[in-house]
$ cat target.csv   # CSV, C-alpha atoms and all ligand atoms
chain,number,residue,atom,x,y,z
P,1,MET,CA,112.8,107.1,131.4
P,2,LYS,CA,109.4,107.0,129.7
P,3,LEU,CA,109.6,105.8,126.1
P,4,SER,CA,106.1,106.9,125.2
P,5,HIS,CA,107.5,110.4,124.8
P,6,LEU,CA,109.8,109.2,122.1
P,7,SER,CA,107.5,106.9,120.2
P,8,TYR,CA,105.2,108.3,117.5
P,9,PHE,CA,102.4,105.9,118.7
P,10,LYS,CA,102.7,107.5,122.2
P,11,THR,CA,103.0,104.1,123.8
P,12,GLY,CA,105.8,102.2,125.5
P,13,GLY,CA,107.1,101.5,128.9
P,14,THR,CA,110.3,102.7,130.6
P,15,CYS,CA,114.0,101.8,130.1
P,16,GLU,CA,117.0,101.7,132.4
P,17,ALA,CA,119.1,104.4,130.5
P,18,LEU,CA,118.8,106.7,127.5
P,19,TYR,CA,121.7,107.7,125.4
P,20,ALA,CA,121.4,110.6,123.0
P,21,PRO,CA,124.8,111.0,121.2
P,22,ALA,CA,125.3,114.2,119.2
P,23,SER,CA,128.1,112.9,117.0
P,24,LEU,CA,129.7,109.8,115.5
P,25,SER,CA,132.3,109.7,118.3
P,26,GLU,CA,129.7,110.0,121.0
P,27,LEU,CA,127.7,107.2,119.4
P,28,GLN,CA,130.9,105.0,119.3
P,29,ALA,CA,131.6,105.9,123.0
P,30,ALA,CA,128.1,104.9,124.0
P,31,LEU,CA,128.4,101.6,122.1
P,32,HIS,CA,131.8,100.9,123.7
P,33,LYS,CA,130.3,101.5,127.2
P,34,LEU,CA,127.2,99.3,126.5
P,35,ARG,CA,129.5,96.5,125.2
P,36,ARG,CA,131.8,96.7,128.3
P,37,GLU,CA,128.8,96.6,130.6
P,38,HIS,CA,127.0,93.9,128.6
P,39,THR,CA,123.9,96.1,128.4
P,40,PRO,CA,121.3,95.3,125.8
P,41,TYR,CA,120.1,98.2,123.7
P,42,PHE,CA,117.9,99.2,120.8
P,43,VAL,CA,117.9,102.3,118.6
P,44,LEU,CA,115.0,104.7,118.3
P,45,GLY,CA,114.8,107.2,115.5
P,46,GLY,CA,111.6,109.2,115.2
P,47,GLY,CA,109.7,106.0,116.4
P,48,THR,CA,107.3,106.5,113.5
P,49,ASN,CA,107.6,102.9,112.2
P,50,SER,CA,107.9,101.2,115.5
P,51,LEU,CA,105.9,99.8,118.4
P,52,VAL,CA,107.7,100.0,121.8
P,53,SER,CA,106.7,97.4,124.3
P,54,ASP,CA,104.7,98.5,127.4
P,55,GLU,CA,107.0,96.4,129.6
P,56,HIS,CA,110.1,97.9,131.3
P,57,TRP,CA,113.2,97.5,129.1
P,58,GLN,CA,116.2,96.2,131.2
P,59,GLY,CA,118.6,98.0,129.0
P,60,ALA,CA,119.5,101.1,127.1
P,61,VAL,CA,117.8,103.0,124.3
P,62,LEU,CA,120.0,105.0,121.8
P,63,SER,CA,118.1,108.0,120.6
P,64,LEU,CA,119.7,109.8,117.6
P,65,HIS,CA,117.6,112.9,117.7
P,66,ARG,CA,120.6,115.1,118.5
P,67,MET,CA,122.6,113.9,115.4
P,68,THR,CA,121.1,116.4,113.0
P,69,THR,CA,123.9,118.2,111.1
P,70,ILE,CA,123.6,118.7,107.3
P,71,GLN,CA,125.9,120.1,104.6
P,72,HIS,CA,126.4,119.8,100.9
P,73,VAL,CA,129.1,120.0,98.3
P,74,ASP,CA,127.7,120.5,94.8
P,75,GLU,CA,124.8,118.1,94.5
P,76,LEU,CA,126.0,115.7,97.3
P,77,VAL,CA,124.2,116.3,100.6
P,78,THR,CA,125.5,114.7,103.7
P,79,CYS,CA,123.4,114.5,106.9
P,80,GLN,CA,123.6,112.8,110.2
P,81,ALA,CA,121.2,109.9,110.9
P,82,GLY,CA,118.9,111.8,113.3
P,83,LEU,CA,118.0,114.5,110.9
P,84,ALA,CA,114.2,114.6,110.3
P,85,ASN,CA,113.3,113.5,106.7
P,86,ASN,CA,111.3,116.7,106.3
P,87,SER,CA,114.3,118.9,107.3
P,88,PHE,CA,116.4,117.2,104.7
P,89,VAL,CA,113.8,118.0,102.0
P,90,GLU,CA,113.5,121.6,103.2
P,91,TYR,CA,117.3,121.9,103.1
P,92,CYS,CA,117.4,120.6,99.5
P,93,GLN,CA,114.7,123.0,98.4
P,94,ALA,CA,116.5,126.0,100.0
P,95,HIS,CA,119.6,125.0,98.0
P,96,SER,CA,117.8,124.4,94.7
P,97,LEU,CA,118.4,120.7,94.8
P,98,THR,CA,115.8,118.4,93.4
P,99,GLY,CA,115.0,114.6,93.8
P,100,ALA,CA,113.8,114.4,97.4
P,101,GLU,CA,110.4,116.1,97.1
P,102,TRP,CA,108.6,112.7,97.4
P,103,MET,CA,109.9,112.6,101.0
P,104,THR,CA,108.0,115.7,102.1
P,105,ALA,CA,106.2,115.2,105.4
P,106,LEU,CA,107.5,111.6,105.6
P,107,PRO,CA,107.7,111.1,109.3
P,108,GLY,CA,110.9,109.8,110.8
P,109,GLN,CA,114.7,110.3,110.6
P,110,MET,CA,117.1,109.8,107.7
P,111,GLY,CA,119.0,106.9,109.3
P,112,ALA,CA,115.9,104.8,109.8
P,113,THR,CA,114.6,105.8,106.4
P,114,VAL,CA,117.7,104.3,104.9
P,115,ARG,CA,117.4,101.2,107.1
P,116,MET,CA,113.7,100.7,106.1
P,117,ASN,CA,114.3,101.7,102.4
P,118,ALA,CA,111.3,104.0,102.8
P,119,ARG,CA,109.3,104.7,99.6
P,120,CYS,CA,106.3,106.7,98.7
P,121,TYR,CA,104.8,109.0,96.0
P,122,GLY,CA,107.0,107.5,93.3
P,123,GLY,CA,110.3,107.7,95.1
P,124,GLU,CA,112.5,105.3,97.1
P,125,ILE,CA,115.5,106.3,99.3
P,126,SER,CA,117.7,103.7,97.6
P,127,ALA,CA,117.6,105.7,94.5
P,128,LEU,CA,119.2,108.8,96.2
P,129,VAL,CA,121.8,107.2,98.5
P,130,HIS,CA,125.4,107.7,97.5
P,131,GLN,CA,127.2,106.6,100.6
P,132,VAL,CA,126.4,105.4,104.2
P,133,THR,CA,128.5,105.5,107.3
P,134,ALA,CA,127.4,102.9,109.8
P,135,VAL,CA,128.6,101.7,113.2
P,136,THR,CA,128.8,98.1,114.4
P,137,ALA,CA,127.8,97.0,117.8
P,138,ASP,CA,131.5,97.1,118.7
P,139,GLY,CA,131.6,100.8,117.7
P,140,GLU,CA,133.6,100.1,114.6
P,141,VAL,CA,132.9,102.4,111.6
P,142,GLN,CA,131.9,100.9,108.3
P,143,VAL,CA,131.6,103.0,105.1
P,144,TYR,CA,129.3,101.7,102.4
P,145,ALA,CA,130.3,103.4,99.1
P,146,ARG,CA,128.2,101.0,97.0
P,147,PRO,CA,124.4,101.4,97.7
P,148,ARG,CA,123.9,98.0,96.0
P,149,GLU,CA,125.5,96.4,99.0
P,150,ILE,CA,122.8,98.0,101.2
P,151,PHE,CA,119.5,97.8,99.4
P,152,ARG,CA,118.0,94.3,98.8
P,153,GLY,CA,114.6,95.4,97.2
P,154,TYR,CA,111.3,96.4,98.6
P,155,LYS,CA,111.6,97.3,102.3
P,156,ASP,CA,114.7,95.1,102.7
P,157,THR,CA,118.2,96.3,103.5
P,158,LEU,CA,121.5,95.0,104.9
P,159,PHE,CA,120.9,97.0,108.1
P,160,MET,CA,117.8,95.0,108.9
P,161,ARG,CA,120.0,91.9,109.0
P,162,ASN,CA,123.3,93.1,110.5
P,163,SER,CA,121.9,95.5,113.1
P,164,GLU,CA,124.5,98.1,112.4
P,165,ILE,CA,123.5,101.7,113.2
P,166,VAL,CA,123.4,104.2,110.3
P,167,ALA,CA,125.3,107.3,111.6
P,168,ALA,CA,125.4,109.4,108.4
P,169,VAL,CA,124.2,109.3,104.9
P,170,THR,CA,125.3,111.1,101.7
P,171,LEU,CA,122.6,111.5,99.0
P,172,GLN,CA,122.9,112.5,95.4
P,173,LEU,CA,120.5,115.2,94.3
P,174,ARG,CA,120.3,117.2,91.0
P,175,PRO,CA,120.2,121.0,90.4
P,176,GLY,CA,116.6,122.2,90.3
P,177,ASP,CA,114.2,125.1,90.3
P,178,LYS,CA,113.3,126.3,93.8
P,179,GLY,CA,109.8,127.2,92.9
P,180,ALA,CA,109.1,123.9,91.1
P,181,ILE,CA,110.5,122.0,94.0
P,182,ALA,CA,108.4,123.9,96.5
P,183,ALA,CA,105.3,123.3,94.4
P,184,ARG,CA,105.9,119.5,94.3
P,185,MET,CA,106.6,119.5,98.1
P,186,ALA,CA,103.2,121.2,98.7
P,187,GLU,CA,101.4,118.6,96.5
P,188,VAL,CA,102.9,115.7,98.4
P,189,ALA,CA,102.2,117.3,101.8
P,190,ASP,CA,98.6,118.0,100.8
P,191,ALA,CA,98.1,114.4,99.6
P,192,ARG,CA,99.2,113.1,103.0
P,193,VAL,CA,97.0,115.5,104.9
P,194,HIS,CA,94.1,114.7,102.5
P,195,GLN,CA,94.5,111.0,103.3
P,196,GLY,CA,94.1,111.8,107.0
P,197,GLN,CA,97.5,110.4,107.8
P,198,PHE,CA,98.2,112.8,110.7
P,199,LEU,CA,94.9,112.7,112.4
P,200,HIS,CA,96.2,110.6,115.3
P,201,PRO,CA,99.4,108.8,116.4
P,202,SER,CA,100.2,105.8,114.2
P,203,CYS,CA,103.2,104.0,112.6
P,204,GLY,CA,102.1,104.4,109.0
P,205,CYS,CA,101.3,101.1,107.4
P,206,VAL,CA,101.3,98.2,109.9
P,207,PHE,CA,101.8,95.6,107.2
P,208,LYS,CA,104.0,95.5,104.1
P,209,ASN,CA,102.7,95.0,100.7
P,210,ASP,CA,103.4,91.7,98.9
P,211,TYR,CA,103.8,92.2,95.2
P,212,GLU,CA,103.3,88.5,94.6
P,213,VAL,CA,99.8,88.8,96.0
P,214,GLY,CA,99.0,91.5,93.4
P,215,VAL,CA,96.7,93.6,95.6
P,216,PRO,CA,97.9,96.2,98.2
P,217,SER,CA,97.6,95.0,101.8
P,218,GLY,CA,95.4,98.0,102.6
P,219,VAL,CA,92.9,96.8,100.0
P,220,LEU,CA,93.0,93.2,101.4
P,221,LEU,CA,92.4,94.6,104.9
P,222,ASP,CA,89.6,96.8,103.8
P,223,GLN,CA,87.9,94.0,101.9
P,224,ALA,CA,88.3,91.7,104.9
P,225,GLY,CA,86.2,94.2,106.9
P,226,VAL,CA,88.8,94.8,109.6
P,227,ARG,CA,87.3,98.0,110.8
P,228,GLN,CA,84.8,96.0,112.9
P,229,PHE,CA,87.7,95.3,115.2
P,230,SER,CA,88.3,99.0,116.0
P,231,ARG,CA,87.9,100.0,119.7
P,232,LYS,CA,87.6,103.4,121.3
P,233,HIS,CA,91.3,104.0,122.0
P,234,VAL,CA,92.9,101.8,119.3
P,235,PHE,CA,91.2,101.9,115.9
P,236,ILE,CA,91.7,101.6,112.2
P,237,SER,CA,91.8,104.7,110.0
P,238,PRO,CA,88.6,105.3,108.1
P,239,GLN,CA,90.7,106.2,105.1
P,240,HIS,CA,93.4,103.6,105.1
P,241,ALA,CA,92.7,100.1,106.5
P,242,ASN,CA,96.5,99.5,107.0
P,243,PHE,CA,96.8,102.3,109.5
P,244,ILE,CA,96.1,101.8,113.2
P,245,PHE,CA,95.4,105.0,115.2
P,246,ASN,CA,96.1,105.2,118.9
P,247,VAL,CA,94.3,107.6,121.2
P,248,GLY,CA,95.3,106.6,124.7
P,249,GLY,CA,95.6,102.8,124.2
P,250,SER,CA,98.6,100.6,124.9
P,251,SER,CA,101.1,98.8,122.7
P,252,GLU,CA,99.5,95.5,123.8
P,253,GLU,CA,96.1,96.7,122.5
P,254,ILE,CA,97.7,97.8,119.2
P,255,VAL,CA,99.3,94.3,118.8
P,256,ALA,CA,96.0,92.6,119.6
P,257,LEU,CA,94.2,94.6,117.0
P,258,SER,CA,97.0,93.9,114.4
P,259,PHE,CA,96.6,90.1,115.1
P,260,LYS,CA,92.8,90.3,114.4
P,261,MET,CA,93.6,92.2,111.1
P,262,ARG,CA,96.1,89.7,110.0
P,263,ASP,CA,93.8,86.7,110.9
P,264,ALA,CA,90.8,88.3,109.0
P,265,VAL,CA,92.9,88.7,105.8
P,266,TYR,CA,94.1,85.1,106.1
P,267,ARG,CA,90.6,83.7,106.7
P,268,GLN,CA,89.2,85.5,103.7
P,269,PHE,CA,92.1,85.5,101.2
P,270,SER,CA,94.7,83.0,102.5
P,271,VAL,CA,97.4,85.7,102.5
P,272,TRP,CA,99.5,86.0,105.6
P,273,LEU,CA,100.5,89.6,106.0
P,274,GLN,CA,104.1,90.5,107.1
P,275,TYR,CA,104.6,93.3,109.6
P,276,GLU,CA,106.2,96.5,108.4
P,277,MET,CA,105.9,97.9,111.9
P,278,GLU,CA,109.0,97.1,113.9
P,279,PHE,CA,108.7,95.7,117.5
P,280,LEU,CA,111.1,97.2,120.0
P,281,GLY,CA,111.8,96.2,123.6
P,282,ASN,CA,110.4,93.2,125.5
P,283,PHE,CA,107.1,91.7,124.4
P,284,PRO,CA,105.7,88.9,126.6
P,285,PRO,CA,106.6,85.5,125.1
P,286,THR,CA,103.0,84.6,124.1
P,287,LEU,CA,102.8,87.9,122.1
P,288,GLN,CA,106.3,87.5,120.6
P,289,ARG,CA,105.4,84.0,119.4
P,290,GLU,CA,102.3,85.3,117.7
P,291,ILE,CA,104.1,88.3,116.2
P,292,ASN,CA,106.7,85.8,114.7
P,293,ARG,CA,104.1,83.3,113.5
P,294,VAL,CA,104.2,82.6,109.7
P,295,LYS,CA,101.6,80.8,107.6
P,296,PRO,CA,101.8,79.8,104.0
P,297,HIS,CA,100.0,81.8,101.3
P,298,ASP,CA,97.5,80.2,98.9
P,299,LEU,CA,97.8,82.5,95.9
P,300,HIS,CA,95.0,80.5,94.1
P,301,ASN,CA,92.4,81.3,96.8
P,302,ARG,CA,89.2,82.0,94.9
P,303,ALA,CA,88.3,85.2,96.8
P,304,LEU,CA,91.9,86.5,96.2
P,305,LEU,CA,91.7,85.8,92.5
P,306,GLU,CA,88.4,87.6,92.2
P,307,LEU,CA,89.7,90.6,94.2
P,308,ARG,CA,92.8,90.8,92.0
P,309,ARG,CA,90.7,90.8,88.9
P,310,THR,CA,88.6,93.7,90.1
P,311,TRP,CA,91.6,95.5,91.4
P,312,ASN,CA,93.4,95.2,88.1
P,313,SER,CA,90.4,96.2,86.0
P,314,ASN,CA,90.0,99.4,88.2
P,315,ALA,CA,93.7,100.2,88.3
O,1,LIG,C1,101.8,108.9,109.2
O,1,LIG,C2,102.9,108.0,108.7
O,1,LIG,C3,103.0,107.9,107.4
O,1,LIG,C4,104.1,107.0,106.9
O,1,LIG,N1,104.2,106.9,105.5
O,1,LIG,C5,105.2,106.1,105.0
O,1,LIG,C6,105.4,106.0,103.6
O,1,LIG,O1,104.6,106.5,102.8
O,1,LIG,N2,106.4,105.2,103.2
O,1,LIG,C7,107.2,104.6,104.0
O,1,LIG,O2,108.2,103.9,103.6
O,1,LIG,N3,107.1,104.7,105.4
O,1,LIG,C8,106.1,105.5,105.9
O,1,LIG,N4,106.0,105.6,107.2
O,1,LIG,C9,106.9,104.9,108.1
O,1,LIG,C10,108.1,105.8,108.6
O,1,LIG,O3,107.9,107.1,108.3
O,1,LIG,C11,109.4,105.4,107.9
O,1,LIG,O4,109.6,104.0,108.0
O,1,LIG,C12,110.6,106.1,108.6
O,1,LIG,O5,111.7,105.9,107.7
O,1,LIG,C13,110.9,105.6,109.9
O,1,LIG,O6,111.8,106.5,110.5
O,1,LIG,P1,111.9,106.6,112.1
O,1,LIG,O7,113.2,107.4,112.4
O,1,LIG,O8,110.7,107.1,112.8
O,1,LIG,O9,112.2,105.0,112.5
O,1,LIG,P2,112.0,104.3,113.9
O,1,LIG,O10,110.5,103.9,114.0
O,1,LIG,O11,112.5,105.1,115.0
O,1,LIG,O12,112.9,103.0,113.6
O,1,LIG,C14,112.5,102.0,112.7
O,1,LIG,C15,113.5,100.9,112.8
O,1,LIG,O13,114.8,101.3,112.4
O,1,LIG,C16,115.7,101.2,113.5
O,1,LIG,N5,116.6,102.4,113.5
O,1,LIG,C17,116.2,103.7,113.8
O,1,LIG,N6,117.2,104.5,113.5
O,1,LIG,C18,118.2,103.8,113.0
O,1,LIG,C19,119.5,104.0,112.5
O,1,LIG,N7,120.0,105.3,112.5
O,1,LIG,N8,120.3,103.0,112.0
O,1,LIG,C20,119.8,101.7,112.0
O,1,LIG,N9,118.6,101.4,112.5
O,1,LIG,C21,117.8,102.4,113.0
O,1,LIG,C22,114.9,101.1,114.8
O,1,LIG,O14,115.5,100.3,115.8
O,1,LIG,C23,113.7,100.3,114.2
O,1,LIG,O15,114.0,99.0,114.1
O,1,LIG,C24,104.9,106.4,107.8
O,1,LIG,C25,104.8,106.6,109.1
O,1,LIG,C26,103.8,107.4,109.6
O,1,LIG,C27,103.6,107.6,111.1

$ encode --input "target.csv" --output "structure tokens"
Amino acid sequence: MKLSHLSYFKTGGTCEALYAPASLSELQAALHKLRREHTPYFVLGGGTNSLVSDEHWQGAVLSLHRMTTIQHVDELVTCQAGLANNSFVEYCQAHSLTGAEWMTALPGQMGATVRMNARCYGGEISALVHQVTAVTADGEVQVYARPREIFRGYKDTLFMRNSEIVAAVTLQLRPGDKGAIAARMAEVADARVHQGQFLHPSCGCVFKNDYEVGVPSGVLLDQAGVRQFSRKHVFISPQHANFIFNVGGSSEEIVALSFKMRDAVYRQFSVWLQYEMEFLGNFPPTLQREINRVKPHDLHNRALLELRRTWNSNA
């Protein structure tokens, strides 16, 4: 089974088996089978924040794209994890429910969006989540009724640490005006298109921001001149230096470019960027070591202090 069809970057090798459960019980059954057979697995949502290795994966992939039901009672909307973010927003608009407009055109699925604590255009998923149903590797169901247990801050959640799979999520919306909701949705979608985000396959931002640093990672990358590392098939967006576009390249080329970007920022500003992009599958040990490498920041770096001053005075 080719994984490049399922990854938003359009890269990735093959896997032994693909499971596409359509319900919580099918997901549990798949996990029971994988556990019985000692088969390693990883989960793929929309693949919009992930880089899948070019190597063959000697295991299974769980794709949640068939888990897409959605329903609501008053202002509480419950959906399965595989529902596309944008379908969720459209459902809310159709039922005059407001609060999710910032998620318009946010690529990916609701389960991963909870796992990543996705945020943009003034919103963050943590602010909407009311309850999450997750499944452990043993297929056991866990219900989280207190979002505080899940969300640990900027792009940090319990599910990044415990590897449970989000199966369903209930979100708290508010009554709203259909026309006003549609207008805000159009604004957000236009902003994304205007920023050229959908010109080519990508994973959104490759690196997280670090609020201690005080300058967005995209600005650090831009100022470090990383576009010089662009190649024909794998290149950096002209509009956003934290976006890598792929047009026919491989995952290995994408990783190699990301290393050059990270090194360039470190050389110039002594800031070691952390990946936001998730790595799925088997990467060769030399690449994996480099992916995991950590270096200390020097927040007193002179070039960084200067950039921060300019950035703050322009902000
Ligand atoms: C053009 C573009 C723009 C973007 N803009 C933004 C933005 O503004 N803000 C932002 O926050 N993100 C942004 N992203 C990133 C992405 O949209 C979000 O992170 C999204 O929530 C990822 O969803 P996904 O289903 O594609 O995740 P995937 O890439 O499939 O998975 C991400 C991780 O979650 C795991 N996972 C997948 N499903 C589940 C599940 N149900 N339970 C537990 N773990 C799971 C995967 O194993 C992987 O580790 C952007 C991406 C693109 C391509």

$ residues_near_ligand --input "target.csv" --ligand "ligand LIG 1 (chain O)" --cutoff "7 Å" --atoms "all atoms listed in the file" --output "JSON, numbers by chain"
{"P": [8, 42, 43, 44, 45, 46, 47, 48, 49, 50, 64, 81, 82, 106, 107, 108, 109, 110, 111, 112, 113, 114, 115, 116, 117, 118, 119, 120, 159, 163, 164, 165, 166, 167, 197, 198, 201, 202, 203, 204, 205, 278, 280]}

$ atom_distance --input "target.csv" --atom1 "atom CA of P:Val73" --atom2 "atom CA of P:Leu24"
20.0 Å

$ closest_residue --input "target.csv" --among "P:Gly248, P:Gly99, P:Gly123, P:Pro21" --to "P:Val61" --atoms "all atoms listed in the file"
P:Pro21

$ atom_distance --input "target.csv" --atom1 "atom CA of P:Val129" --atom2 "atom CA of P:Ala84"
15.9 Å

$ closest_residue --input "target.csv" --among "P:Ser217, P:Ser53, P:Ser230, P:Gln239" --to "P:Arg262" --atoms "only C-alpha atoms"
P:Ser217

$ closest_residue --input "target.csv" --among "P:Asp156, P:Asp138, P:Glu55, P:Glu101" --to "P:Asp177" --atoms "all atoms listed in the file"
P:Glu101

$ closest_residue --input "target.csv" --among "P:Phe88, P:Phe279, P:Phe245, P:Trp311" --to "P:Pro216" --atoms "only C-alpha atoms"
P:Trp311

$ residues_near_point --input "target.csv" --point "(103.9, 99.4, 122.5)" --cutoff "6 Å" --atoms "only C-alpha atoms" --output "list of chain:residue names"
P:Thr11, P:Gly12, P:Leu51, P:Val52, P:Ser53, P:Asp54, P:Ser250, P:Ser251

$ closest_residue --input "target.csv" --among "P:Phe259, P:Leu128, P:Met103, P:Thr136" --to "P:His32" --atoms "all atoms listed in the file"
P:Thr136
